[in-house]
Amino acid sequence: MTTITPRRDSLVVRRPGPPELDPVRAHRRRRALELSLAVAVPLLLVLLWQLAATRAWIDDRVYPAPSTILADGWDRAAAGDLWPDVWATLKRVLAGYAIGTGAGYALGLLMGSLPLVRAALEPLLDALYVVPKLALLPVFLNMFGLGEGPQVALVAATVFFFVWISTMSAVIAVPAGHRDAGRVFGASPWQMFRHVLLPASLPQVLVGARIAAGVAVLVIVASEQIAATNGLGHLIFDSRALFQNDVMFVGIVCVAALGVLFSELIRLVGRLLTPWAPRDRGRGQS
């Protein structure tokens, strides 16, 4: 940290601190501190949970100890009983996410670029956006019947709105000076999109895509509890009905891991696609 020392003659002496003298080392220390906190806080909570279960501070029949959950999850995975549910949830999320992202990005780009299209469609889409997406599950069941169709459609509808809103807002927010510069240089519509709209809007679009990734996992788990015969959501709901709370928590842990991995994957893709954009974490400030 930089220190400023006042002197009697009113001069201010600025002395460089450690970040200025050795920015690389300061960044590594900051990053090590962030990683330590990221690991220590969840680990501390898990240890507290384990202690509470073993000391009978909580009912371990309702809240099994983490060691019990880990052992049961390992046994189910080794026996091959866990992976079919994980794969069922994963393929629904990936299919719905791909469809929703593609449709949301295309329409968001179109509405952000063309004011007349935005004026025609935005009120309708705003009205549909506020409808709880689980309320659409009966509609999708009527349209697609039982099976994978309703689950994938529900995820796609949920993801669509997040990506559409972020894309449209990002395109609208592109500074007019960027567009004017493209016109001055005689850019074609494709060149305007490739060299102006895409680079300027993509960071915000990817933020919406990351939010949509987490919400997609939430929606599919809720949907599988209502209208599915497999998947992690069905596993959680079914084991709770049978009072198999250790299995229920195995499903919850798998959902949490799936959500984190999916979100981090989108973050990584965003960093690769937008190296010019500032990172949202992991970079210390000096």
# chains A, B, ... in the order shown; residues from 1 in each chain; ligands from 1
>>> closest_atom_pairs(of="stretch 30-133 of chain A", to="stretch 223-247 of chain A", cutoff="10 Å", atoms="only C-alpha atoms", output="Markdown table")
| residue | atom | partner | partner_atom | distance |
| --- | --- | --- | --- | --- |
| A:Asp60 | CA | A:Asn245 | CA | 9.2 |
| A:Arg61 | CA | A:Asn245 | CA | 7.1 |
| A:Val62 | CA | A:Asn245 | CA | 6.1 |
| A:Tyr63 | CA | A:Asn245 | CA | 7.1 |
| A:Pro64 | CA | A:Asp246 | CA | 5.9 |
| A:Ala65 | CA | A:Asp246 | CA | 8.5 |
| A:Pro66 | CA | A:Asp246 | CA | 9.0 |
| A:Thr68 | CA | A:Asp246 | CA | 7.0 |
| A:Ile69 | CA | A:Asp246 | CA | 5.4 |
| A:Leu70 | CA | A:Asp246 | CA | 9.0 |
| A:Ala71 | CA | A:Asp246 | CA | 9.5 |
| A:Asp72 | CA | A:Asp246 | CA | 7.0 |
| A:Gly73 | CA | A:Val247 | CA | 7.4 |
| A:Arg76 | CA | A:Val247 | CA | 9.0 |
| A:Leu82 | CA | A:Leu232 | CA | 8.7 |
| A:Trp83 | CA | A:Gly231 | CA | 9.3 |
| A:Pro84 | CA | A:Gly231 | CA | 7.3 |
| A:Asp85 | CA | A:Gly231 | CA | 3.9 |
| A:Val86 | CA | A:Leu232 | CA | 6.0 |
| A:Trp87 | CA | A:Gly231 | CA | 7.4 |
| A:Ala88 | CA | A:Gly231 | CA | 5.1 |
| A:Thr89 | CA | A:Gly231 | CA | 4.9 |
| A:Leu90 | CA | A:Gly231 | CA | 8.5 |
| A:Lys91 | CA | A:Gly231 | CA | 9.9 |
| A:Arg92 | CA | A:Gly231 | CA | 9.2 |
| A:Lys133 | CA | A:Ser223 | CA | 9.8 |
>>> residues_around(residues="A:Arg210", least_positions_apart="5", cutoff="7 Å", atoms="only C-alpha atoms", output="MDAnalysis selection string")
chainID A and resid 263 266:267
>>> residues_around(residues="A:Val215", least_positions_apart="3", cutoff="8 Å", atoms="only C-alpha atoms", output="MDAnalysis selection string")
chainID A and resid 158:159 211:212 218:219
>>> residues_around(residues="A:Ala95", least_positions_apart="4", cutoff="9 Å", atoms="only C-alpha atoms", output="list in words")
Leu90, Lys91, Ile99, Gly100, Val152, Ala153, Val155 and Ala156 of chain A
>>> select_by_dssp(residues="stretch 4-92 of chain A", states="strand (DSSP E)", output="list in words")
Ile4, Thr5, Pro6, Val12, Val13, Arg14 and Arg15 of chain A
>>> decode(residues="stretch 79-99 of chain A", atoms="N, CA and C atoms", output="compact mmCIF listing (two decimals), in the first residue's frame")
# COMPACT_ATOMS: atom_id res chain seq x y z
N ALA A 79 -20.98 -48.49 -7.78
CA ALA A 79 -21.94 -49.50 -8.23
C ALA A 79 -22.61 -49.13 -9.55
N GLY A 80 -22.39 -47.90 -10.00
CA GLY A 80 -22.99 -47.46 -11.26
C GLY A 80 -24.41 -46.99 -11.13
N ASP A 81 -24.90 -46.77 -9.89
CA ASP A 81 -26.28 -46.34 -9.69
C ASP A 81 -26.46 -44.84 -9.83
N LEU A 82 -25.38 -44.08 -9.69
CA LEU A 82 -25.48 -42.62 -9.69
C LEU A 82 -25.37 -42.02 -11.08
N TRP A 83 -24.52 -42.62 -11.92
CA TRP A 83 -24.21 -42.00 -13.21
C TRP A 83 -25.39 -41.88 -14.16
N PRO A 84 -26.33 -42.83 -14.22
CA PRO A 84 -27.47 -42.63 -15.12
C PRO A 84 -28.27 -41.37 -14.80
N ASP A 85 -28.45 -41.07 -13.51
CA ASP A 85 -29.18 -39.86 -13.14
C ASP A 85 -28.39 -38.61 -13.48
N VAL A 86 -27.08 -38.65 -13.23
CA VAL A 86 -26.23 -37.50 -13.58
C VAL A 86 -26.27 -37.26 -15.08
N TRP A 87 -26.15 -38.30 -15.88
CA TRP A 87 -26.15 -38.15 -17.33
C TRP A 87 -27.50 -37.67 -17.83
N ALA A 88 -28.59 -38.16 -17.25
CA ALA A 88 -29.92 -37.73 -17.68
C ALA A 88 -30.09 -36.23 -17.47
N THR A 89 -29.68 -35.74 -16.30
CA THR A 89 -29.79 -34.31 -16.03
C THR A 89 -28.85 -33.51 -16.92
N LEU A 90 -27.64 -34.01 -17.11
CA LEU A 90 -26.65 -33.27 -17.88
C LEU A 90 -27.07 -33.11 -19.34
N LYS A 91 -27.56 -34.17 -19.95
CA LYS A 91 -27.92 -34.07 -21.36
C LYS A 91 -29.13 -33.17 -21.57
N ARG A 92 -30.06 -33.13 -20.61
CA ARG A 92 -31.20 -32.20 -20.72
C ARG A 92 -30.74 -30.77 -20.60
N VAL A 93 -29.83 -30.52 -19.68
CA VAL A 93 -29.32 -29.16 -19.49
C VAL A 93 -28.56 -28.71 -20.73
N LEU A 94 -27.68 -29.55 -21.26
CA LEU A 94 -26.88 -29.16 -22.41
C LEU A 94 -27.75 -28.91 -23.65
N ALA A 95 -28.72 -29.80 -23.89
CA ALA A 95 -29.58 -29.62 -25.06
C ALA A 95 -30.42 -28.36 -24.93
N GLY A 96 -31.06 -28.17 -23.78
CA GLY A 96 -31.88 -26.98 -23.59
C GLY A 96 -31.06 -25.71 -23.60
N TYR A 97 -29.87 -25.76 -23.02
CA TYR A 97 -29.02 -24.57 -22.98
C TYR A 97 -28.57 -24.18 -24.39
N ALA A 98 -28.20 -25.15 -25.20
CA ALA A 98 -27.76 -24.85 -26.57
C ALA A 98 -28.90 -24.22 -27.37
N ILE A 99 -30.10 -24.78 -27.26
CA ILE A 99 -31.23 -24.23 -28.02
C ILE A 99 -31.59 -22.84 -27.52
